[in-house]
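Below is query.csv, which holds CSV, N, CA and C atoms.
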```
chain,number,residue,atom,x,y,z
A,308,MET,N,-0.1,12.7,145.1
A,308,MET,CA,0.6,13.4,146.1
A,308,MET,C,-0.4,13.7,147.2
A,309,ASN,N,0.0,13.3,148.3
A,309,ASN,CA,-0.9,13.5,149.5
A,309,ASN,C,-0.3,14.6,150.4
A,310,ILE,N,-1.0,15.6,150.6
A,310,ILE,CA,-0.6,16.8,151.4
A,310,ILE,C,-1.2,16.7,152.8
A,311,ASN,N,-0.3,16.7,153.8
A,311,ASN,CA,-0.8,16.7,155.1
A,311,ASN,C,-0.9,18.2,155.6
A,312,TYR,N,-2.2,18.6,155.7
A,312,TYR,CA,-2.4,20.0,156.0
A,312,TYR,C,-2.1,20.4,157.4
A,313,LEU,N,-2.1,19.4,158.3
A,313,LEU,CA,-1.8,19.7,159.7
A,313,LEU,C,-0.3,20.0,159.8
A,314,LYS,N,0.5,19.2,159.1
A,314,LYS,CA,2.0,19.5,159.1
A,314,LYS,C,2.3,20.8,158.4
A,315,LEU,N,1.6,21.1,157.3
A,315,LEU,CA,1.8,22.3,156.6
A,315,LEU,C,1.5,23.5,157.5
A,316,TYR,N,0.3,23.4,158.2
A,316,TYR,CA,-0.1,24.5,159.1
A,316,TYR,C,1.0,24.7,160.2
A,317,PHE,N,1.5,23.6,160.8
A,317,PHE,CA,2.5,23.8,161.9
A,317,PHE,C,3.8,24.3,161.3
A,318,CYS,N,4.1,23.9,160.1
A,318,CYS,CA,5.4,24.4,159.5
A,318,CYS,C,5.3,25.9,159.2
A,319,LEU,N,4.1,26.3,158.6
A,319,LEU,CA,4.0,27.8,158.3
A,319,LEU,C,3.9,28.6,159.6
A,320,THR,N,3.2,28.1,160.6
A,320,THR,CA,3.0,28.8,161.9
A,320,THR,C,4.4,28.9,162.5
A,321,LEU,N,5.2,27.8,162.6
A,321,LEU,CA,6.5,27.9,163.2
A,321,LEU,C,7.4,28.8,162.4
A,322,THR,N,7.3,28.9,161.1
A,322,THR,CA,8.1,29.8,160.3
A,322,THR,C,7.7,31.2,160.6
A,323,GLY,N,6.4,31.5,160.7
A,323,GLY,CA,6.0,32.9,161.0
A,323,GLY,C,6.4,33.3,162.4
A,324,ILE,N,6.3,32.4,163.4
A,324,ILE,CA,6.8,32.7,164.7
A,324,ILE,C,8.3,33.0,164.7
A,325,SER,N,9.0,32.2,164.0
A,325,SER,CA,10.5,32.4,163.9
A,325,SER,C,10.8,33.7,163.3
A,326,ILE,N,10.2,34.0,162.2
A,326,ILE,CA,10.4,35.3,161.6
A,326,ILE,C,10.1,36.5,162.5
A,327,PHE,N,8.9,36.3,163.2
A,327,PHE,CA,8.5,37.4,164.2
A,327,PHE,C,9.5,37.5,165.3
A,328,ALA,N,10.0,36.4,165.8
A,328,ALA,CA,11.0,36.4,166.9
A,328,ALA,C,12.3,37.1,166.4
A,329,THR,N,12.7,36.7,165.2
A,329,THR,CA,13.9,37.3,164.7
A,329,THR,C,13.8,38.8,164.5
A,330,MET,N,12.7,39.3,164.0
A,330,MET,CA,12.4,40.7,163.8
A,330,MET,C,12.4,41.4,165.1
A,331,GLU,N,11.7,40.8,166.1
A,331,GLU,CA,11.6,41.5,167.4
A,331,GLU,C,13.0,41.6,168.1
A,332,SER,N,13.8,40.5,167.9
A,332,SER,CA,15.2,40.6,168.4
A,332,SER,C,16.0,41.7,167.8
A,333,TYR,N,15.8,41.8,166.5
A,333,TYR,CA,16.5,42.9,165.8
A,333,TYR,C,16.1,44.2,166.2
A,334,TYR,N,14.8,44.4,166.4
A,334,TYR,CA,14.3,45.7,166.9
A,334,TYR,C,14.7,46.0,168.3
A,335,LEU,N,14.7,45.0,169.1
A,335,LEU,CA,15.2,45.2,170.5
A,335,LEU,C,16.7,45.6,170.5
A,336,TYR,N,17.5,44.9,169.6
A,336,TYR,CA,18.9,45.3,169.5
A,336,TYR,C,19.1,46.7,169.0
A,337,GLN,N,18.3,47.2,168.1
A,337,GLN,CA,18.3,48.5,167.6
A,337,GLN,C,18.0,49.5,168.7
A,338,ALA,N,16.9,49.2,169.5
A,338,ALA,CA,16.5,50.0,170.6
A,338,ALA,C,17.6,50.1,171.6
A,339,HIS,N,18.3,49.0,171.9
A,339,HIS,CA,19.4,49.0,172.8
A,339,HIS,C,20.6,49.9,172.3
A,340,VAL,N,20.9,49.8,171.1
A,340,VAL,CA,22.0,50.6,170.5
A,340,VAL,C,21.6,52.1,170.6
A,341,LEU,N,20.4,52.4,170.3
A,341,LEU,CA,19.9,53.8,170.3
A,341,LEU,C,19.9,54.3,171.8
A,342,ALA,N,19.6,53.5,172.7
A,342,ALA,CA,19.6,53.9,174.1
A,342,ALA,C,21.0,54.2,174.6
A,343,LYS,N,22.0,53.3,174.1
A,343,LYS,CA,23.4,53.6,174.5
A,343,LYS,C,23.9,54.9,173.9
A,344,GLU,N,23.5,55.1,172.6
A,344,GLU,CA,23.9,56.4,172.0
A,344,GLU,C,23.3,57.6,172.7
A,345,ALA,N,22.0,57.5,173.0
A,345,ALA,CA,21.4,58.6,173.7
A,345,ALA,C,22.0,58.8,175.1
A,346,GLN,N,22.4,57.7,175.8
A,346,GLN,CA,23.0,57.9,177.1
A,346,GLN,C,24.4,58.5,176.9
A,347,ALA,N,25.1,58.2,175.9
A,347,ALA,CA,26.4,58.8,175.6
A,347,ALA,C,26.2,60.3,175.3
A,348,ILE,N,25.2,60.7,174.6
A,348,ILE,CA,24.9,62.1,174.3
A,348,ILE,C,24.6,62.8,175.6
A,349,VAL,N,23.8,62.2,176.4
A,349,VAL,CA,23.4,62.8,177.7
A,349,VAL,C,24.6,63.0,178.6
A,350,ASN,N,25.5,62.0,178.6
A,350,ASN,CA,26.7,62.1,179.5
A,350,ASN,C,27.6,63.2,178.9
A,351,GLN,N,27.7,63.3,177.6
A,351,GLN,CA,28.6,64.4,177.0
A,351,GLN,C,28.0,65.7,177.4
A,352,ALA,N,26.7,65.9,177.3
A,352,ALA,CA,26.0,67.1,177.6
A,352,ALA,C,26.2,67.5,179.0
A,353,GLU,N,26.2,66.5,179.9
A,353,GLU,CA,26.4,66.8,181.4
A,353,GLU,C,27.9,67.3,181.6
A,354,ARG,N,28.8,66.6,180.9
A,354,ARG,CA,30.2,67.0,181.0
A,354,ARG,C,30.4,68.4,180.5
A,355,ASP,N,29.8,68.7,179.4
A,355,ASP,CA,29.9,70.1,178.8
A,355,ASP,C,29.3,71.1,179.7
A,356,ALA,N,28.2,70.8,180.3
A,356,ALA,CA,27.5,71.7,181.2
A,356,ALA,C,28.4,72.0,182.5
A,357,LYS,N,29.0,70.9,183.0
A,357,LYS,CA,29.9,71.0,184.2
A,357,LYS,C,31.1,71.9,183.8
A,358,ALA,N,31.7,71.6,182.6
A,358,ALA,CA,32.8,72.4,182.2
A,358,ALA,C,32.5,73.8,182.0
A,359,ALA,N,31.3,74.1,181.5
A,359,ALA,CA,30.9,75.5,181.3
A,359,ALA,C,30.7,76.2,182.6
A,360,ALA,N,30.1,75.4,183.6
A,360,ALA,CA,29.9,76.0,184.9
A,360,ALA,C,31.3,76.3,185.6
A,361,VAL,N,32.2,75.4,185.5
A,361,VAL,CA,33.6,75.6,186.0
A,361,VAL,C,34.2,76.8,185.4
A,362,ARG,N,34.1,76.9,184.0
A,362,ARG,CA,34.7,78.1,183.4
A,362,ARG,C,34.0,79.4,183.8
A,363,ALA,N,32.7,79.4,184.0
A,363,ALA,CA,32.0,80.6,184.4
A,363,ALA,C,32.4,80.9,185.8
A,364,LYS,N,32.6,79.9,186.7
A,364,LYS,CA,33.0,80.2,188.1
A,364,LYS,C,34.4,80.8,188.1
A,365,LEU,N,35.3,80.2,187.3
A,365,LEU,CA,36.7,80.8,187.2
A,365,LEU,C,36.7,82.2,186.7
A,366,GLN,N,35.9,82.5,185.7
A,366,GLN,CA,35.8,83.8,185.2
A,366,GLN,C,35.3,84.8,186.2
A,367,LEU,N,34.3,84.4,187.0
A,367,LEU,CA,33.7,85.2,188.0
A,367,LEU,C,34.8,85.5,189.1
A,368,GLU,N,35.5,84.4,189.5
A,368,GLU,CA,36.6,84.6,190.5
A,368,GLU,C,37.7,85.6,190.0
A,369,GLU,N,38.0,85.4,188.7
A,369,GLU,CA,39.0,86.3,188.1
A,369,GLU,C,38.6,87.7,188.1
A,370,SER,N,37.3,87.9,187.7
A,370,SER,CA,36.8,89.3,187.6
A,370,SER,C,36.7,89.9,189.0
A,371,GLN,N,36.4,89.1,190.0
A,371,GLN,CA,36.3,89.6,191.4
A,371,GLN,C,37.7,90.0,191.9
A,372,ARG,N,38.7,89.1,191.5
A,372,ARG,CA,40.1,89.5,191.9
A,372,ARG,C,40.5,90.8,191.2
A,373,GLU,N,40.2,91.0,189.9
A,373,GLU,CA,40.5,92.2,189.2
A,373,GLU,C,39.8,93.4,189.9
A,374,MET,N,38.5,93.2,190.3
A,374,MET,CA,37.8,94.3,190.9
A,374,MET,C,38.4,94.7,192.2
A,375,LYS,N,38.9,93.7,193.0
A,375,LYS,CA,39.5,94.0,194.3
A,375,LYS,C,40.8,94.7,194.1
A,376,LYS,N,41.6,94.3,193.0
A,376,LYS,CA,42.8,95.0,192.7
A,376,LYS,C,42.6,96.5,192.4
A,377,ARG,N,41.5,96.7,191.5
A,377,ARG,CA,41.2,98.1,191.2
A,377,ARG,C,40.7,98.9,192.4
A,378,GLN,N,39.9,98.2,193.2
A,378,GLN,CA,39.5,98.9,194.4
A,378,GLN,C,40.6,99.3,195.3
A,379,ALA,N,41.6,98.3,195.5
A,379,ALA,CA,42.8,98.6,196.3
A,379,ALA,C,43.6,99.7,195.7
A,380,LYS,N,43.7,99.8,194.4
A,380,LYS,CA,44.5,100.9,193.8
A,380,LYS,C,43.8,102.2,194.0
A,381,ARG,N,42.4,102.2,193.9
A,381,ARG,CA,41.7,103.4,194.1
A,381,ARG,C,41.8,103.9,195.6
A,382,ALA,N,41.7,102.9,196.5
A,382,ALA,CA,41.8,103.2,197.9
A,382,ALA,C,43.2,103.8,198.2
A,383,ALA,N,44.3,103.2,197.6
A,383,ALA,CA,45.6,103.7,197.8
A,383,ALA,C,45.8,105.1,197.3
A,384,LYS,N,45.2,105.3,196.1
A,384,LYS,CA,45.3,106.6,195.5
A,384,LYS,C,44.5,107.7,196.3
A,385,GLN,N,43.3,107.3,196.8
A,385,GLN,CA,42.5,108.2,197.6
A,385,GLN,C,43.3,108.5,198.9
A,386,GLN,N,43.9,107.4,199.5
A,386,GLN,CA,44.7,107.7,200.7
A,386,GLN,C,45.9,108.6,200.5
A,387,GLU,N,46.5,108.5,199.3
A,387,GLU,CA,47.6,109.4,198.9
A,387,GLU,C,47.1,110.8,198.8
A,388,ILE,N,45.9,111.0,198.2
A,388,ILE,CA,45.3,112.3,198.0
A,388,ILE,C,45.0,112.9,199.4
A,389,ASN,N,44.4,112.0,200.2
A,389,ASN,CA,44.0,112.5,201.6
A,389,ASN,C,45.3,112.9,202.4
A,390,ASN,N,46.3,112.1,202.2
A,390,ASN,CA,47.6,112.5,202.9
A,390,ASN,C,48.1,113.8,202.4
A,391,ALA,N,48.1,114.0,201.1
A,391,ALA,CA,48.6,115.2,200.5
A,391,ALA,C,47.8,116.4,201.0
A,392,GLN,N,46.5,116.3,201.0
A,392,GLN,CA,45.6,117.4,201.5
A,392,GLN,C,45.9,117.7,202.9
A,393,ARG,N,46.0,116.6,203.7
A,393,ARG,CA,46.3,116.8,205.2
A,393,ARG,C,47.7,117.6,205.3
A,394,THR,N,48.7,117.1,204.5
A,394,THR,CA,50.0,117.8,204.6
A,394,THR,C,49.9,119.2,204.2
A,395,ASN,N,49.2,119.5,203.1
A,395,ASN,CA,49.0,120.9,202.7
A,395,ASN,C,48.3,121.7,203.8
A,396,ASN,N,47.3,121.2,204.4
A,396,ASN,CA,46.6,121.9,205.5
A,396,ASN,C,47.6,122.1,206.7
A,397,GLU,N,48.4,121.1,207.0
A,397,GLU,CA,49.3,121.3,208.1
A,397,GLU,C,50.4,122.4,207.8
A,398,ILE,N,50.8,122.4,206.5
A,398,ILE,CA,51.8,123.4,206.2
A,398,ILE,C,51.2,124.8,206.2
A,399,CYS,N,49.9,124.9,205.7
A,399,CYS,CA,49.2,126.2,205.8
A,399,CYS,C,49.1,126.6,207.2
A,400,ASN,N,48.6,125.7,208.1
A,400,ASN,CA,48.5,126.1,209.5
A,400,ASN,C,49.8,126.5,210.2
A,401,PHE,N,50.9,125.8,209.8
A,401,PHE,CA,52.2,126.1,210.3
A,401,PHE,C,52.6,127.5,209.9
A,402,TRP,N,52.4,127.9,208.6
A,402,TRP,CA,52.8,129.2,208.2
A,402,TRP,C,51.9,130.3,208.7
A,403,ARG,N,50.6,130.0,208.9
A,403,ARG,CA,49.7,130.9,209.5
A,403,ARG,C,50.1,131.2,210.9
A,404,THR,N,50.5,130.2,211.7
A,404,THR,CA,51.0,130.4,213.0
A,404,THR,C,52.3,131.2,213.0
A,405,GLU,N,53.2,130.9,212.1
A,405,GLU,CA,54.4,131.6,212.0
A,405,GLU,C,54.2,133.1,211.7
A,406,PHE,N,53.3,133.3,210.8
A,406,PHE,CA,53.0,134.7,210.4
A,406,PHE,C,52.3,135.5,211.6
A,407,TYR,N,51.5,134.8,212.4
A,407,TYR,CA,50.9,135.5,213.5
A,407,TYR,C,51.9,135.7,214.6
A,408,ASN,N,52.8,134.8,214.7
A,408,ASN,CA,53.9,135.0,215.7
A,408,ASN,C,54.9,136.1,215.3
A,409,GLU,N,55.3,136.1,214.1
A,409,GLU,CA,56.3,137.0,213.6
A,409,GLU,C,55.8,137.5,212.2
A,410,SER,N,55.2,138.7,212.2
A,410,SER,CA,54.6,139.2,211.0
A,410,SER,C,55.7,139.9,210.1
A,411,ASN,N,56.2,139.1,209.1
A,411,ASN,CA,57.1,139.7,208.2
A,411,ASN,C,56.7,139.3,206.8
A,412,GLU,N,57.4,139.8,205.8
A,412,GLU,CA,57.0,139.6,204.4
A,412,GLU,C,57.2,138.1,204.0
A,413,ARG,N,58.3,137.5,204.4
A,413,ARG,CA,58.6,136.1,204.1
A,413,ARG,C,57.5,135.2,204.6
A,414,ASN,N,57.2,135.4,205.9
A,414,ASN,CA,56.2,134.5,206.5
A,414,ASN,C,54.8,134.7,205.8
A,415,LYS,N,54.5,136.0,205.4
A,415,LYS,CA,53.2,136.2,204.8
A,415,LYS,C,53.2,135.6,203.4
A,416,SER,N,54.3,135.7,202.6
A,416,SER,CA,54.3,135.1,201.3
A,416,SER,C,54.2,133.5,201.4
A,417,MET,N,54.9,133.0,202.4
A,417,MET,CA,54.9,131.5,202.6
A,417,MET,C,53.5,131.0,203.0
A,418,MET,N,52.9,131.8,203.9
A,418,MET,CA,51.5,131.5,204.3
A,418,MET,C,50.6,131.5,203.2
A,419,GLN,N,50.6,132.6,202.4
A,419,GLN,CA,49.7,132.7,201.2
A,419,GLN,C,49.9,131.6,200.2
A,420,ALA,N,51.1,131.2,199.9
A,420,ALA,CA,51.4,130.1,199.0
A,420,ALA,C,50.9,128.8,199.6
A,421,ALA,N,51.2,128.5,200.8
A,421,ALA,CA,50.8,127.3,201.4
A,421,ALA,C,49.3,127.2,201.5
A,422,CYS,N,48.6,128.2,201.9
A,422,CYS,CA,47.2,128.2,202.1
A,422,CYS,C,46.5,128.2,200.7
A,423,GLU,N,47.1,128.7,199.7
A,423,GLU,CA,46.6,128.6,198.3
A,423,GLU,C,46.6,127.2,197.9
A,424,ARG,N,47.7,126.5,198.2
A,424,ARG,CA,47.8,125.1,197.8
A,424,ARG,C,46.8,124.2,198.6
A,425,ALA,N,46.6,124.6,199.9
A,425,ALA,CA,45.7,123.8,200.7
A,425,ALA,C,44.2,124.0,200.2
A,426,SER,N,44.0,125.2,199.7
A,426,SER,CA,42.6,125.5,199.2
A,426,SER,C,42.3,124.8,197.9
A,427,LYS,N,43.3,124.5,197.1
A,427,LYS,CA,43.1,123.8,195.9
A,427,LYS,C,42.8,122.3,196.1
A,428,SER,N,42.2,121.7,195.2
A,428,SER,CA,42.1,120.2,195.2
A,428,SER,C,43.5,119.6,195.1
A,429,PRO,N,43.8,118.6,195.8
A,429,PRO,CA,45.2,118.1,195.8
A,429,PRO,C,45.6,117.5,194.4
A,430,VAL,N,44.6,117.0,193.7
A,430,VAL,CA,44.9,116.5,192.4
A,430,VAL,C,44.2,117.3,191.3
A,431,SER,N,45.0,117.8,190.4
A,431,SER,CA,44.5,118.6,189.3
A,431,SER,C,43.7,117.7,188.4
A,432,SER,N,42.7,118.2,187.7
A,432,SER,CA,41.9,117.3,186.8
A,432,SER,C,42.6,117.0,185.5
A,433,SER,N,43.7,117.7,185.2
A,433,SER,CA,44.4,117.4,183.9
A,433,SER,C,45.5,116.5,184.2
A,434,THR,N,46.1,116.5,185.4
A,434,THR,CA,47.3,115.7,185.6
A,434,THR,C,47.1,114.9,186.9
A,435,PRO,N,47.7,113.8,187.0
A,435,PRO,CA,47.6,113.0,188.3
A,435,PRO,C,48.6,113.3,189.3
A,436,VAL,N,49.3,114.5,189.2
A,436,VAL,CA,50.3,114.9,190.1
A,436,VAL,C,49.7,115.6,191.3
A,437,ILE,N,50.2,115.2,192.4
A,437,ILE,CA,49.7,115.8,193.7
A,437,ILE,C,50.4,117.1,194.0
A,438,ASN,N,49.6,118.1,194.3
A,438,ASN,CA,50.1,119.5,194.5
A,438,ASN,C,50.6,119.6,196.0
A,439,LEU,N,51.8,119.1,196.2
A,439,LEU,CA,52.4,119.3,197.5
A,439,LEU,C,53.3,120.5,197.6
A,440,ARG,N,53.9,120.9,196.6
A,440,ARG,CA,54.8,122.0,196.6
A,440,ARG,C,54.4,123.2,195.8
A,441,GLY,N,53.1,123.3,195.6
A,441,GLY,CA,52.6,124.5,194.9
A,441,GLY,C,52.8,124.5,193.4
A,442,ASN,N,52.7,123.4,192.8
A,442,ASN,CA,52.9,123.3,191.3
A,442,ASN,C,51.8,124.0,190.6
```
Translate this file's structure into structure tokens.
Amino acid sequence: MNINYLKLYFCLTLTGISIFATMESYYLYQAHVLAKEAQAIVNQAERDAKAAAVRAKLQLEESQREMKKRQAKRAAKQQEINNAQRTNNEICNFWRTEFYNESNERNKSMMQAACERASKSPVSSSTPVINLRGN
């Protein structure tokens, strides 16, 4: 049996190169699949981050709307208190003028009651009722 070493060398070399090329192709395919998966994960993370930012923005806007509502309520309540105090002061001044114009017991008692109401805080600390009529 006569062995041709040159043919054997080329055959083994070609086989080695083929196996190497096949393995490299497989590794490149795996790298490609991993890159696609990594890109999908990155895209999902970006979508999640955008969604979280939108939710945070909506919550901020909602809290700002609620704060504006509370401020408007407080301003309306303060305006009501200021109006009540102004009314009490006007009534006190009216009865004071009436008493100085015509000094009688009725005008004096009305003046004292009205001025007592005007000297008090218009809103009692225990109740949210405005003291317009001397409660």
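Shortest separation to Arg424 of chain A among A:Thr404, A:Arg372, A:Ser410, A:Asn396 occurs at residue A:Asn396, atoms counted being only N, CA and C atoms.
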Do you know which residues are at most 6 Å from Met418 of chain A counting only N, CA and C atoms, after dropping those on the same chain fewer than 4 positions away, and could you put them as a list in words? Cys399, Trp402, Arg403, Arg413, Asn414, Cys422 and Glu423 of chain A
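Atom CA of Thr394 of chain A lies 19.7 Å from atom CA of Arg381 of chain A.
Between atom C of Phe317 of chain A and atom CA of Tyr333 of chain A lies a distance of 23.0 Å.
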Take every atom of segment 337-344 of chain A listed in the file, fit an axis-aligned box around them, add 5 Å per side, and give the centre and edge lengths in Å to one decimal as lines of an AutoDock Vina configuration file.
```
center_x = 20.2
center_y = 52.4
center_z = 171.1
size_x = 17.4
size_y = 20.4
size_z = 17.0
```
As number ranges by chain, please: every residue in chain A that a backbone DSSP assignment puts in alpha helix (DSSP H). A: 312-408, 412-426
As an exercise, work out the distance from atom CA of Met417 of chain A to atom CA of Glu387 of chain A in Å and give it to one decimal place. 23.6 Å
With the input short on atoms, add all heavy atoms back to segment 311-321 of chain A and write it as a PDB file, in the frame of the given file.
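What follows is the written file rebuild_24.pdb:
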```pdb
ATOM      1  N   ASN A 311      -0.300  16.700 153.800  1.00  0.00           N
ATOM      2  CA  ASN A 311      -0.800  16.700 155.100  1.00  0.00           C
ATOM      3  C   ASN A 311      -0.900  18.200 155.600  1.00  0.00           C
ATOM      4  O   ASN A 311       0.060  18.855 155.825  1.00  0.00           O
ATOM      5  CB  ASN A 311       0.242  15.938 156.002  1.00  0.00           C
ATOM      6  CG  ASN A 311      -0.291  15.706 157.389  1.00  0.00           C
ATOM      7  OD1 ASN A 311      -1.303  16.301 157.778  1.00  0.00           O
ATOM      8  ND2 ASN A 311       0.370  14.835 158.121  1.00  0.00           N
ATOM      9  N   TYR A 312      -2.200  18.600 155.700  1.00  0.00           N
ATOM     10  CA  TYR A 312      -2.400  20.000 156.000  1.00  0.00           C
ATOM     11  C   TYR A 312      -2.100  20.400 157.400  1.00  0.00           C
ATOM     12  O   TYR A 312      -1.686  21.499 157.681  1.00  0.00           O
ATOM     13  CB  TYR A 312      -3.902  20.305 155.699  1.00  0.00           C
ATOM     14  CG  TYR A 312      -4.196  20.332 154.220  1.00  0.00           C
ATOM     15  CD1 TYR A 312      -4.892  19.294 153.619  1.00  0.00           C
ATOM     16  CD2 TYR A 312      -3.767  21.394 153.443  1.00  0.00           C
ATOM     17  CE1 TYR A 312      -5.155  19.311 152.275  1.00  0.00           C
ATOM     18  CE2 TYR A 312      -4.026  21.413 152.087  1.00  0.00           C
ATOM     19  CZ  TYR A 312      -4.715  20.376 151.508  1.00  0.00           C
ATOM     20  OH  TYR A 312      -4.962  20.387 150.169  1.00  0.00           O
ATOM     21  N   LEU A 313      -2.100  19.400 158.300  1.00  0.00           N
ATOM     22  CA  LEU A 313      -1.800  19.700 159.700  1.00  0.00           C
ATOM     23  C   LEU A 313      -0.300  20.000 159.800  1.00  0.00           C
ATOM     24  O   LEU A 313       0.112  20.958 160.456  1.00  0.00           O
ATOM     25  CB  LEU A 313      -2.166  18.501 160.548  1.00  0.00           C
ATOM     26  CG  LEU A 313      -2.043  18.726 162.042  1.00  0.00           C
ATOM     27  CD1 LEU A 313      -2.912  19.896 162.503  1.00  0.00           C
ATOM     28  CD2 LEU A 313      -2.399  17.464 162.797  1.00  0.00           C
ATOM     29  N   LYS A 314       0.500  19.200 159.100  1.00  0.00           N
ATOM     30  CA  LYS A 314       2.000  19.500 159.100  1.00  0.00           C
ATOM     31  C   LYS A 314       2.300  20.800 158.400  1.00  0.00           C
ATOM     32  O   LYS A 314       3.166  21.554 158.862  1.00  0.00           O
ATOM     33  CB  LYS A 314       2.719  18.320 158.417  1.00  0.00           C
ATOM     34  CG  LYS A 314       2.770  17.061 159.212  1.00  0.00           C
ATOM     35  CD  LYS A 314       3.573  16.030 158.432  1.00  0.00           C
ATOM     36  CE  LYS A 314       3.580  14.710 159.189  1.00  0.00           C
ATOM     37  NZ  LYS A 314       4.289  13.677 158.444  1.00  0.00           N
ATOM     38  N   LEU A 315       1.600  21.100 157.300  1.00  0.00           N
ATOM     39  CA  LEU A 315       1.800  22.300 156.600  1.00  0.00           C
ATOM     40  C   LEU A 315       1.500  23.500 157.500  1.00  0.00           C
ATOM     41  O   LEU A 315       2.178  24.528 157.579  1.00  0.00           O
ATOM     42  CB  LEU A 315       1.009  22.364 155.329  1.00  0.00           C
ATOM     43  CG  LEU A 315       1.124  23.628 154.471  1.00  0.00           C
ATOM     44  CD1 LEU A 315       2.559  23.800 153.985  1.00  0.00           C
ATOM     45  CD2 LEU A 315       0.169  23.551 153.300  1.00  0.00           C
ATOM     46  N   TYR A 316       0.300  23.400 158.200  1.00  0.00           N
ATOM     47  CA  TYR A 316      -0.100  24.500 159.100  1.00  0.00           C
ATOM     48  C   TYR A 316       1.000  24.700 160.200  1.00  0.00           C
ATOM     49  O   TYR A 316       1.370  25.842 160.463  1.00  0.00           O
ATOM     50  CB  TYR A 316      -1.435  24.094 159.777  1.00  0.00           C
ATOM     51  CG  TYR A 316      -1.830  25.036 160.896  1.00  0.00           C
ATOM     52  CD1 TYR A 316      -2.318  26.299 160.620  1.00  0.00           C
ATOM     53  CD2 TYR A 316      -1.663  24.636 162.231  1.00  0.00           C
ATOM     54  CE1 TYR A 316      -2.665  27.155 161.652  1.00  0.00           C
ATOM     55  CE2 TYR A 316      -2.000  25.491 163.264  1.00  0.00           C
ATOM     56  CZ  TYR A 316      -2.507  26.756 162.973  1.00  0.00           C
ATOM     57  OH  TYR A 316      -2.839  27.606 164.001  1.00  0.00           O
ATOM     58  N   PHE A 317       1.500  23.600 160.800  1.00  0.00           N
ATOM     59  CA  PHE A 317       2.500  23.800 161.900  1.00  0.00           C
ATOM     60  C   PHE A 317       3.800  24.300 161.300  1.00  0.00           C
ATOM     61  O   PHE A 317       4.450  25.166 161.953  1.00  0.00           O
ATOM     62  CB  PHE A 317       2.704  22.464 162.615  1.00  0.00           C
ATOM     63  CG  PHE A 317       1.623  22.115 163.586  1.00  0.00           C
ATOM     64  CD1 PHE A 317       0.943  20.908 163.492  1.00  0.00           C
ATOM     65  CD2 PHE A 317       1.273  23.001 164.611  1.00  0.00           C
ATOM     66  CE1 PHE A 317      -0.071  20.587 164.381  1.00  0.00           C
ATOM     67  CE2 PHE A 317       0.264  22.685 165.496  1.00  0.00           C
ATOM     68  CZ  PHE A 317      -0.402  21.471 165.384  1.00  0.00           C
ATOM     69  N   CYS A 318       4.100  23.900 160.100  1.00  0.00           N
ATOM     70  CA  CYS A 318       5.400  24.400 159.500  1.00  0.00           C
ATOM     71  C   CYS A 318       5.300  25.900 159.200  1.00  0.00           C
ATOM     72  O   CYS A 318       6.168  26.674 159.509  1.00  0.00           O
ATOM     73  CB  CYS A 318       5.638  23.624 158.251  1.00  0.00           C
ATOM     74  SG  CYS A 318       7.215  24.031 157.520  1.00  0.00           S
ATOM     75  N   LEU A 319       4.100  26.300 158.600  1.00  0.00           N
ATOM     76  CA  LEU A 319       4.000  27.800 158.300  1.00  0.00           C
ATOM     77  C   LEU A 319       3.900  28.600 159.600  1.00  0.00           C
ATOM     78  O   LEU A 319       4.398  29.689 159.710  1.00  0.00           O
ATOM     79  CB  LEU A 319       2.730  27.952 157.464  1.00  0.00           C
ATOM     80  CG  LEU A 319       2.842  27.450 156.025  1.00  0.00           C
ATOM     81  CD1 LEU A 319       1.490  27.601 155.316  1.00  0.00           C
ATOM     82  CD2 LEU A 319       3.914  28.205 155.288  1.00  0.00           C
ATOM     83  N   THR A 320       3.200  28.100 160.600  1.00  0.00           N
ATOM     84  CA  THR A 320       3.000  28.800 161.900  1.00  0.00           C
ATOM     85  C   THR A 320       4.400  28.900 162.500  1.00  0.00           C
ATOM     86  O   THR A 320       4.758  29.992 163.033  1.00  0.00           O
ATOM     87  CB  THR A 320       2.063  28.022 162.807  1.00  0.00           C
ATOM     88  OG1 THR A 320       0.812  27.871 162.146  1.00  0.00           O
ATOM     89  CG2 THR A 320       1.877  28.764 164.107  1.00  0.00           C
ATOM     90  N   LEU A 321       5.200  27.800 162.600  1.00  0.00           N
ATOM     91  CA  LEU A 321       6.500  27.900 163.200  1.00  0.00           C
ATOM     92  C   LEU A 321       7.400  28.800 162.400  1.00  0.00           C
ATOM     93  O   LEU A 321       8.177  29.599 163.019  1.00  0.00           O
ATOM     94  CB  LEU A 321       7.104  26.477 163.210  1.00  0.00           C
ATOM     95  CG  LEU A 321       8.438  26.332 163.925  1.00  0.00           C
ATOM     96  CD1 LEU A 321       8.337  26.755 165.380  1.00  0.00           C
ATOM     97  CD2 LEU A 321       8.941  24.905 163.830  1.00  0.00           C
TER      98      LEU A 321
END
```
